[in-house]
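Q: Structure provided below as C-alpha coordinates; questions to follow.
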Amino acid sequence: MEFDGQVIAAFGRHLLLKVADGRELNARPFGRQLAVVCGDRVRCRLDAHHDEAHVLSIEKRASCLYRSNARGEAEPVVANLTLLLVALAPLPQPDFFVVDRYLCAASSAGLDTRIIVNKCELEVEPAVRAELQAYARAGFELIECSARSELGIAALRSACGGAVAALVGQSGVGKSSLVRRLVPQADIATGELVRATDGRHTTTTSRLYELAGGGRLIDSPGVRDFAPALAALEPRSLGFIEIAQLAPQCRFSDCRHMREPDCAVRAALESGAIHARRYESYRRLRRMTEDLAEPRHPRGGGSAGRRRGG
(Lines give C-alpha, C1' and ligand atoms only; values in the text may rest on other atoms or scores of the structure.)
Protein backbone atom coordinates (compact mmCIF):
# COMPACT_ATOMS: atom_id res chain seq x y z
CA MET A 1 0.00 0.00 0.00
CA GLU A 2 1.31 3.44 -0.92
CA PHE A 3 1.11 6.48 1.33
CA ASP A 4 2.35 10.08 1.58
CA GLY A 5 4.92 11.51 3.94
CA GLN A 6 7.36 14.37 4.44
CA VAL A 7 11.11 14.01 4.84
CA ILE A 8 12.03 15.51 8.21
CA ALA A 9 15.66 14.37 8.23
CA ALA A 10 18.15 13.37 5.56
CA PHE A 11 21.52 11.76 6.20
CA GLY A 12 22.91 10.63 2.87
CA ARG A 13 20.44 8.03 1.63
CA HIS A 14 19.07 7.51 5.14
CA LEU A 15 15.78 9.39 5.56
CA LEU A 16 13.31 9.97 8.34
CA LEU A 17 9.68 10.50 7.31
CA LYS A 18 6.68 11.90 9.13
CA VAL A 19 3.36 10.48 7.95
CA ALA A 20 -0.23 11.67 8.33
CA ASP A 21 -0.90 9.85 11.63
CA GLY A 22 2.17 11.44 13.23
CA ARG A 23 4.44 8.40 13.09
CA GLU A 24 8.09 8.72 12.09
CA LEU A 25 9.48 6.05 9.77
CA ASN A 26 12.97 5.23 8.57
CA ALA A 27 13.17 5.32 4.78
CA ARG A 28 15.43 5.12 1.75
CA PRO A 29 14.99 6.35 -1.83
CA PHE A 30 13.92 3.58 -4.20
CA GLY A 31 16.44 3.92 -7.00
CA ARG A 32 19.78 5.71 -7.30
CA GLN A 33 18.45 8.56 -9.41
CA LEU A 34 16.00 9.85 -6.80
CA ALA A 35 17.57 12.87 -5.05
CA VAL A 36 15.48 13.28 -1.90
CA VAL A 37 16.21 16.10 0.57
CA CYS A 38 14.86 17.37 3.86
CA GLY A 39 11.52 19.09 3.39
CA ASP A 40 10.47 16.97 0.41
CA ARG A 41 6.92 15.63 0.29
CA VAL A 42 7.07 12.10 -1.04
CA ARG A 43 5.07 9.05 -2.08
CA CYS A 44 6.15 5.86 -0.32
CA ARG A 45 5.61 2.15 0.09
CA LEU A 46 6.34 0.16 3.25
CA ASP A 47 9.01 -2.54 3.08
CA ALA A 48 7.94 -4.86 5.89
CA HIS A 49 11.01 -7.11 5.48
CA HIS A 50 13.42 -4.32 6.38
CA ASP A 51 11.11 -2.30 8.66
CA GLU A 52 11.47 0.83 6.56
CA ALA A 53 9.71 2.75 3.81
CA HIS A 54 10.81 3.11 0.22
CA VAL A 55 10.41 6.56 -1.33
CA LEU A 56 8.97 6.04 -4.79
CA SER A 57 8.56 9.62 -6.00
CA ILE A 58 8.87 13.26 -4.96
CA GLU A 59 5.91 15.62 -5.15
CA LYS A 60 6.41 18.87 -7.05
CA ARG A 61 8.46 21.22 -4.88
CA ALA A 62 7.02 24.64 -4.02
CA SER A 63 10.61 25.88 -3.71
CA CYS A 64 14.11 24.46 -3.46
CA LEU A 65 17.58 25.68 -2.58
CA TYR A 66 20.12 24.30 -5.06
CA ARG A 67 23.91 24.10 -5.05
CA SER A 68 26.43 23.03 -7.69
CA ASN A 69 27.99 19.63 -7.24
CA ALA A 70 31.53 18.68 -8.27
CA ARG A 71 30.39 18.24 -11.90
CA GLY A 72 28.74 21.67 -12.00
CA GLU A 73 25.25 20.17 -11.94
CA ALA A 74 22.36 21.47 -9.85
CA GLU A 75 21.88 19.50 -6.64
CA PRO A 76 19.00 20.11 -4.19
CA VAL A 77 19.87 21.05 -0.61
CA VAL A 78 16.51 21.58 1.13
CA ALA A 79 12.98 21.78 -0.28
CA ASN A 80 9.64 23.50 0.29
CA LEU A 81 10.99 26.34 2.39
CA THR A 82 9.86 29.98 2.42
CA LEU A 83 12.69 31.65 4.33
CA LEU A 84 16.48 31.29 4.29
CA LEU A 85 18.37 32.32 7.42
CA VAL A 86 22.05 32.90 6.58
CA ALA A 87 24.10 32.77 9.78
CA LEU A 88 27.49 34.35 10.37
CA ALA A 89 29.48 35.46 13.41
CA PRO A 90 32.45 37.70 14.32
CA LEU A 91 34.39 34.46 14.83
CA PRO A 92 35.25 32.54 12.73
CA GLN A 93 36.10 35.32 10.29
CA PRO A 94 33.07 35.66 7.99
CA ASP A 95 33.45 34.80 4.33
CA PHE A 96 31.05 37.32 2.83
CA PHE A 97 31.38 35.80 -0.62
CA VAL A 98 29.78 32.64 0.80
CA VAL A 99 27.05 34.79 2.38
CA ASP A 100 26.44 36.47 -1.00
CA ARG A 101 26.11 33.14 -2.76
CA TYR A 102 23.51 31.89 -0.32
CA LEU A 103 21.58 35.16 -0.67
CA CYS A 104 21.73 34.98 -4.48
CA ALA A 105 20.51 31.39 -4.53
CA ALA A 106 17.65 32.31 -2.19
CA SER A 107 16.65 35.40 -4.16
CA SER A 108 16.70 33.48 -7.44
CA ALA A 109 14.50 30.80 -5.86
CA GLY A 110 11.97 33.40 -4.69
CA LEU A 111 12.75 32.94 -1.00
CA ASP A 112 12.64 35.55 1.73
CA THR A 113 15.96 36.02 3.56
CA ARG A 114 17.42 37.20 6.86
CA ILE A 115 21.07 37.57 7.82
CA ILE A 116 21.62 36.18 11.32
CA VAL A 117 24.60 37.67 13.18
CA ASN A 118 25.30 35.25 16.04
CA LYS A 119 27.79 35.70 18.90
CA CYS A 120 26.94 39.41 19.06
CA GLU A 121 28.41 39.48 22.58
CA LEU A 122 31.82 39.42 20.87
CA GLU A 123 33.54 42.53 19.56
CA VAL A 124 32.76 43.12 15.90
CA GLU A 125 35.69 44.37 13.85
CA PRO A 126 35.11 47.64 11.93
CA ALA A 127 35.59 45.86 8.58
CA VAL A 128 32.92 43.30 9.48
CA ARG A 129 30.58 46.02 10.73
CA ALA A 130 31.03 47.89 7.43
CA GLU A 131 30.02 44.76 5.50
CA LEU A 132 26.92 44.33 7.68
CA GLN A 133 25.96 47.96 7.08
CA ALA A 134 26.34 47.40 3.32
CA TYR A 135 23.87 44.51 3.51
CA ALA A 136 21.42 46.67 5.44
CA ARG A 137 21.70 49.45 2.83
CA ALA A 138 21.06 46.92 0.08
CA GLY A 139 17.78 46.01 1.79
CA PHE A 140 18.59 42.89 3.79
CA GLU A 141 17.18 42.53 7.29
CA LEU A 142 19.80 41.67 9.92
CA ILE A 143 19.04 39.97 13.23
CA GLU A 144 21.83 40.25 15.79
CA CYS A 145 21.61 37.61 18.48
CA SER A 146 23.54 35.52 20.97
CA ALA A 147 22.85 31.84 21.56
CA ARG A 148 24.91 32.19 24.74
CA SER A 149 22.90 35.01 26.35
CA GLU A 150 19.61 34.61 24.41
CA LEU A 151 19.90 38.23 23.25
CA GLY A 152 17.93 38.61 20.01
CA ILE A 153 16.55 35.05 20.14
CA ALA A 154 12.99 36.39 20.47
CA ALA A 155 13.45 38.34 17.22
CA LEU A 156 14.81 35.23 15.50
CA ARG A 157 11.89 33.16 16.77
CA SER A 158 9.45 35.82 15.53
CA ALA A 159 11.05 35.80 12.06
CA CYS A 160 10.41 32.05 11.85
CA GLY A 161 6.76 32.35 12.87
CA GLY A 162 4.52 30.98 10.13
CA ALA A 163 7.50 30.23 7.89
CA VAL A 164 9.37 27.14 6.80
CA ALA A 165 12.88 28.41 7.46
CA ALA A 166 16.25 26.83 6.71
CA LEU A 167 19.29 27.83 8.75
CA VAL A 168 22.55 27.76 6.77
CA GLY A 169 26.05 29.15 7.13
CA GLN A 170 29.73 28.47 7.63
CA SER A 171 30.92 25.87 10.11
CA GLY A 172 31.61 27.31 13.56
CA VAL A 173 29.14 30.20 13.53
CA GLY A 174 27.02 28.57 16.26
CA LYS A 175 24.08 27.27 14.24
CA SER A 176 23.63 24.25 16.52
CA SER A 177 23.49 26.51 19.57
CA LEU A 178 20.86 28.67 17.89
CA VAL A 179 18.80 25.60 17.04
CA ARG A 180 18.95 24.45 20.68
CA ARG A 181 17.65 27.86 21.77
CA LEU A 182 14.74 27.63 19.33
CA VAL A 183 14.13 23.89 19.74
CA PRO A 184 15.05 22.64 23.24
CA GLN A 185 14.39 19.02 22.20
CA ALA A 186 16.82 19.21 19.27
CA ASP A 187 19.49 17.11 20.99
CA ILE A 188 16.96 14.36 21.71
CA ALA A 189 15.79 14.32 18.09
CA THR A 190 19.38 14.19 16.83
CA GLY A 191 20.16 11.32 19.19
CA GLU A 192 17.24 9.35 17.79
CA LEU A 193 18.58 9.86 14.28
CA VAL A 194 22.06 8.70 15.36
CA ARG A 195 20.56 5.46 16.60
CA ALA A 196 18.55 5.07 13.39
CA THR A 197 21.75 5.36 11.31
CA ASP A 198 23.81 2.85 13.32
CA GLY A 199 25.37 5.50 15.53
CA ARG A 200 27.18 7.36 12.78
CA HIS A 201 28.02 11.03 13.17
CA THR A 202 25.27 13.37 11.96
CA THR A 203 27.11 16.58 11.06
CA THR A 204 25.92 16.04 7.49
CA THR A 205 22.29 15.68 8.56
CA SER A 206 19.55 18.15 7.66
CA ARG A 207 16.71 18.04 10.19
CA LEU A 208 13.27 19.68 10.24
CA TYR A 209 11.87 20.81 13.59
CA GLU A 210 8.45 22.10 14.62
CA LEU A 211 8.74 25.41 16.50
CA ALA A 212 6.66 25.92 19.63
CA GLY A 213 5.56 29.41 18.57
CA GLY A 214 4.58 28.30 15.07
CA GLY A 215 6.64 27.76 11.97
CA ARG A 216 9.19 25.11 11.13
CA LEU A 217 12.98 25.16 11.05
CA ILE A 218 15.35 23.08 8.92
CA ASP A 219 18.87 22.90 10.31
CA SER A 220 21.35 22.39 7.47
CA PRO A 221 25.00 21.31 7.95
CA GLY A 222 27.69 23.97 8.25
CA VAL A 223 29.92 24.48 5.20
CA ARG A 224 33.34 25.80 4.29
CA ASP A 225 32.05 27.07 0.96
CA PHE A 226 28.82 27.19 -0.98
CA ALA A 227 28.52 27.21 -4.76
CA PRO A 228 25.02 28.02 -5.99
CA ALA A 229 23.60 26.15 -8.95
CA LEU A 230 24.58 28.64 -11.64
CA ALA A 231 21.86 27.65 -14.08
CA ALA A 232 19.25 28.33 -11.38
CA LEU A 233 20.35 31.94 -10.79
CA GLU A 234 18.24 34.80 -12.16
CA PRO A 235 20.03 35.49 -15.47
CA ARG A 236 20.13 39.28 -15.45
CA SER A 237 21.09 40.05 -11.83
CA LEU A 238 22.27 36.61 -10.62
CA GLY A 239 20.09 37.22 -7.57
CA PHE A 240 21.83 40.43 -6.38
CA ILE A 241 18.87 42.56 -5.29
CA GLU A 242 20.58 45.93 -5.71
CA ILE A 243 21.62 44.99 -9.26
CA ALA A 244 18.09 43.82 -10.06
CA GLN A 245 16.79 47.24 -8.99
CA LEU A 246 19.23 49.10 -11.27
CA ALA A 247 19.26 46.80 -14.31
CA PRO A 248 16.13 48.33 -15.96
CA GLN A 249 18.03 51.64 -16.18
CA CYS A 250 20.87 50.16 -18.26
CA ARG A 251 21.11 51.12 -21.95
CA PHE A 252 20.98 47.49 -23.12
CA SER A 253 18.34 45.03 -21.95
CA ASP A 254 20.94 42.20 -21.96
CA CYS A 255 23.56 44.24 -20.10
CA ARG A 256 25.96 42.04 -18.13
CA HIS A 257 27.02 44.99 -15.95
CA MET A 258 30.68 44.34 -16.69
CA ARG A 259 32.04 46.67 -19.42
CA GLU A 260 28.96 47.69 -21.38
CA PRO A 261 28.41 51.42 -22.02
CA ASP A 262 25.73 53.35 -20.14
CA CYS A 263 25.43 50.68 -17.47
CA ALA A 264 23.47 51.89 -14.44
CA VAL A 265 25.13 49.30 -12.22
CA ARG A 266 28.65 50.43 -13.12
CA ALA A 267 27.61 54.06 -12.61
CA ALA A 268 26.29 53.18 -9.14
CA LEU A 269 29.55 51.40 -8.37
CA GLU A 270 31.59 54.44 -9.35
CA SER A 271 29.42 56.73 -7.23
CA GLY A 272 29.64 54.42 -4.23
CA ALA A 273 25.92 53.58 -4.28
CA ILE A 274 26.81 49.89 -4.74
CA HIS A 275 29.26 48.31 -2.32
CA ALA A 276 32.51 47.47 -4.14
CA ARG A 277 32.94 44.04 -2.54
CA ARG A 278 29.36 43.07 -3.36
CA TYR A 279 30.01 44.05 -6.98
CA GLU A 280 33.20 41.96 -7.00
CA SER A 281 31.12 39.05 -5.72
CA TYR A 282 28.68 39.59 -8.61
CA ARG A 283 31.57 39.78 -11.09
CA ARG A 284 33.00 36.44 -9.92
CA LEU A 285 29.63 34.73 -10.28
CA ARG A 286 29.08 36.31 -13.70
CA ARG A 287 32.39 34.93 -14.96
CA MET A 288 31.49 31.50 -13.58
CA THR A 289 28.12 31.50 -15.35
CA GLU A 290 29.72 32.52 -18.65
CA ASP A 291 32.42 29.86 -18.32
CA LEU A 292 29.68 27.30 -17.75
CA ALA A 293 27.76 28.50 -20.80
CA GLU A 294 30.75 28.50 -23.15
CA PRO A 295 30.94 25.59 -25.61
CA ARG A 296 33.88 23.29 -25.01
CA HIS A 297 36.24 21.66 -27.51
CA PRO A 298 35.06 18.12 -28.28
CA ARG A 299 38.29 16.74 -26.84
CA GLY A 300 38.14 18.95 -23.77
CA GLY A 301 41.05 21.03 -25.04
CA GLY A 302 39.58 24.41 -24.23
CA SER A 303 36.93 26.91 -25.19
CA ALA A 304 35.55 26.88 -28.72
CA GLY A 305 33.88 30.20 -28.23
CA ARG A 306 34.92 33.72 -27.47
CA ARG A 307 35.75 34.42 -23.82
CA ARG A 308 34.18 37.71 -22.91
CA GLY A 309 36.18 40.05 -20.73
CA GLY A 310 35.09 41.73 -17.53
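By convention here, the chains of the C-alpha coordinates are called A, B, ... in the order presented, each chain's residues are numbered starting at 1, and ligands are numbered starting at 1 in the order presented.
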I'd like the contact shell of region 42-57 of chain A - 12 Å cut-off, only C-alpha atoms, skipping same-chain residues fewer than 6 positions apart - returned as a ChimeraX atom specification.

A: /A:1-8,13-20,24-36,79-80,196

Q: Between A:Leu83, A:Leu230, A:Ile58, A:Leu111, which has the minimum distance to Ala166 (chain A) (counting only C-alpha atoms)?

A: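 Answer, going by the shortest atom-to-atom distance: A:Leu83.
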
Q: In Å, rounded to a single decimal, give me how far CA of Ser158 (chain A) is from CA of Asp40 (chain A).

A: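 One can read the CA of Asp40 (chain A) to CA of Ser158 (chain A) distance as 24.2 Å.
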
Q: Pick out the residues sitting within 12 Å of Arg277 (chain A), and hand them over as a PDB file with N, CA and C atoms, in the first residue's frame; count only C-alpha atoms, and ignore anything fewer than 3 positions along from it in its own chain.

A:
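This went into around-v9.pdb:
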```pdb
ATOM      1  N   ASP A  95      33.160  34.770   5.761  1.00  0.00           N
ATOM      2  CA  ASP A  95      33.451  34.797   4.330  1.00  0.00           C
ATOM      3  C   ASP A  95      32.201  35.374   3.663  1.00  0.00           C
ATOM      4  N   PHE A  96      32.242  36.653   3.355  1.00  0.00           N
ATOM      5  CA  PHE A  96      31.052  37.325   2.835  1.00  0.00           C
ATOM      6  C   PHE A  96      30.726  36.902   1.407  1.00  0.00           C
ATOM      7  N   PHE A  97      31.687  36.337   0.702  1.00  0.00           N
ATOM      8  CA  PHE A  97      31.383  35.802  -0.624  1.00  0.00           C
ATOM      9  C   PHE A  97      30.472  34.576  -0.498  1.00  0.00           C
ATOM     10  N   ASP A 100      27.041  35.970   0.246  1.00  0.00           N
ATOM     11  CA  ASP A 100      26.437  36.469  -0.996  1.00  0.00           C
ATOM     12  C   ASP A 100      25.848  35.338  -1.826  1.00  0.00           C
ATOM     13  N   ALA A 127      35.761  46.334   9.950  1.00  0.00           N
ATOM     14  CA  ALA A 127      35.587  45.865   8.579  1.00  0.00           C
ATOM     15  C   ALA A 127      34.349  44.982   8.461  1.00  0.00           C
ATOM     16  N   ALA A 130      31.269  47.187   8.693  1.00  0.00           N
ATOM     17  CA  ALA A 130      31.031  47.887   7.428  1.00  0.00           C
ATOM     18  C   ALA A 130      30.318  46.987   6.428  1.00  0.00           C
ATOM     19  N   GLU A 131      30.696  45.706   6.393  1.00  0.00           N
ATOM     20  CA  GLU A 131      30.016  44.763   5.496  1.00  0.00           C
ATOM     21  C   GLU A 131      28.554  44.583   5.902  1.00  0.00           C
ATOM     22  N   LEU A 132      28.296  44.489   7.195  1.00  0.00           N
ATOM     23  CA  LEU A 132      26.918  44.330   7.677  1.00  0.00           C
ATOM     24  C   LEU A 132      26.083  45.554   7.322  1.00  0.00           C
ATOM     25  N   ALA A 134      26.576  47.457   4.777  1.00  0.00           N
ATOM     26  CA  ALA A 134      26.338  47.399   3.325  1.00  0.00           C
ATOM     27  C   ALA A 134      25.155  46.497   3.009  1.00  0.00           C
ATOM     28  N   TYR A 135      25.031  45.394   3.709  1.00  0.00           N
ATOM     29  CA  TYR A 135      23.869  44.512   3.514  1.00  0.00           C
ATOM     30  C   TYR A 135      22.582  45.232   3.893  1.00  0.00           C
ATOM     31  N   LEU A 269      28.293  51.834  -8.980  1.00  0.00           N
ATOM     32  CA  LEU A 269      29.549  51.398  -8.369  1.00  0.00           C
ATOM     33  C   LEU A 269      30.524  52.563  -8.265  1.00  0.00           C
ATOM     34  N   GLY A 272      29.660  54.970  -5.579  1.00  0.00           N
ATOM     35  CA  GLY A 272      29.639  54.424  -4.226  1.00  0.00           C
ATOM     36  C   GLY A 272      28.276  53.950  -3.772  1.00  0.00           C
ATOM     37  N   ALA A 273      27.266  54.008  -4.649  1.00  0.00           N
ATOM     38  CA  ALA A 273      25.922  53.577  -4.279  1.00  0.00           C
ATOM     39  C   ALA A 273      25.832  52.055  -4.152  1.00  0.00           C
ATOM     40  N   ILE A 274      26.704  51.346  -4.871  1.00  0.00           N
ATOM     41  CA  ILE A 274      26.807  49.888  -4.737  1.00  0.00           C
ATOM     42  C   ILE A 274      28.129  49.573  -4.066  1.00  0.00           C
ATOM     43  N   GLU A 280      32.180  42.954  -6.680  1.00  0.00           N
ATOM     44  CA  GLU A 280      33.203  41.964  -6.997  1.00  0.00           C
ATOM     45  C   GLU A 280      32.627  40.545  -6.871  1.00  0.00           C
ATOM     46  N   SER A 281      31.775  40.347  -5.883  1.00  0.00           N
ATOM     47  CA  SER A 281      31.117  39.053  -5.715  1.00  0.00           C
ATOM     48  C   SER A 281      30.235  38.740  -6.934  1.00  0.00           C
ATOM     49  N   TYR A 282      29.494  39.744  -7.391  1.00  0.00           N
ATOM     50  CA  TYR A 282      28.680  39.591  -8.608  1.00  0.00           C
ATOM     51  C   TYR A 282      29.565  39.248  -9.805  1.00  0.00           C
ATOM     52  N   ARG A 283      30.687  39.962  -9.942  1.00  0.00           N
ATOM     53  CA  ARG A 283      31.572  39.784 -11.090  1.00  0.00           C
ATOM     54  C   ARG A 283      32.122  38.354 -11.147  1.00  0.00           C
ATOM     55  N   ARG A 284      32.478  37.811  -9.963  1.00  0.00           N
ATOM     56  CA  ARG A 284      32.997  36.438  -9.916  1.00  0.00           C
ATOM     57  C   ARG A 284      31.926  35.433 -10.363  1.00  0.00           C
TER      58      ARG A 284
END
```

Q: Rank A:Ala74, A:Ala136, A:Val179, A:Leu285 by their smallest atom-to-atom distance to Ile153 (chain A), using only C-alpha atoms, and report the top residue only.

A: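 Ranked by minimum distance to Ile153 (chain A), first place goes to A:Val179.
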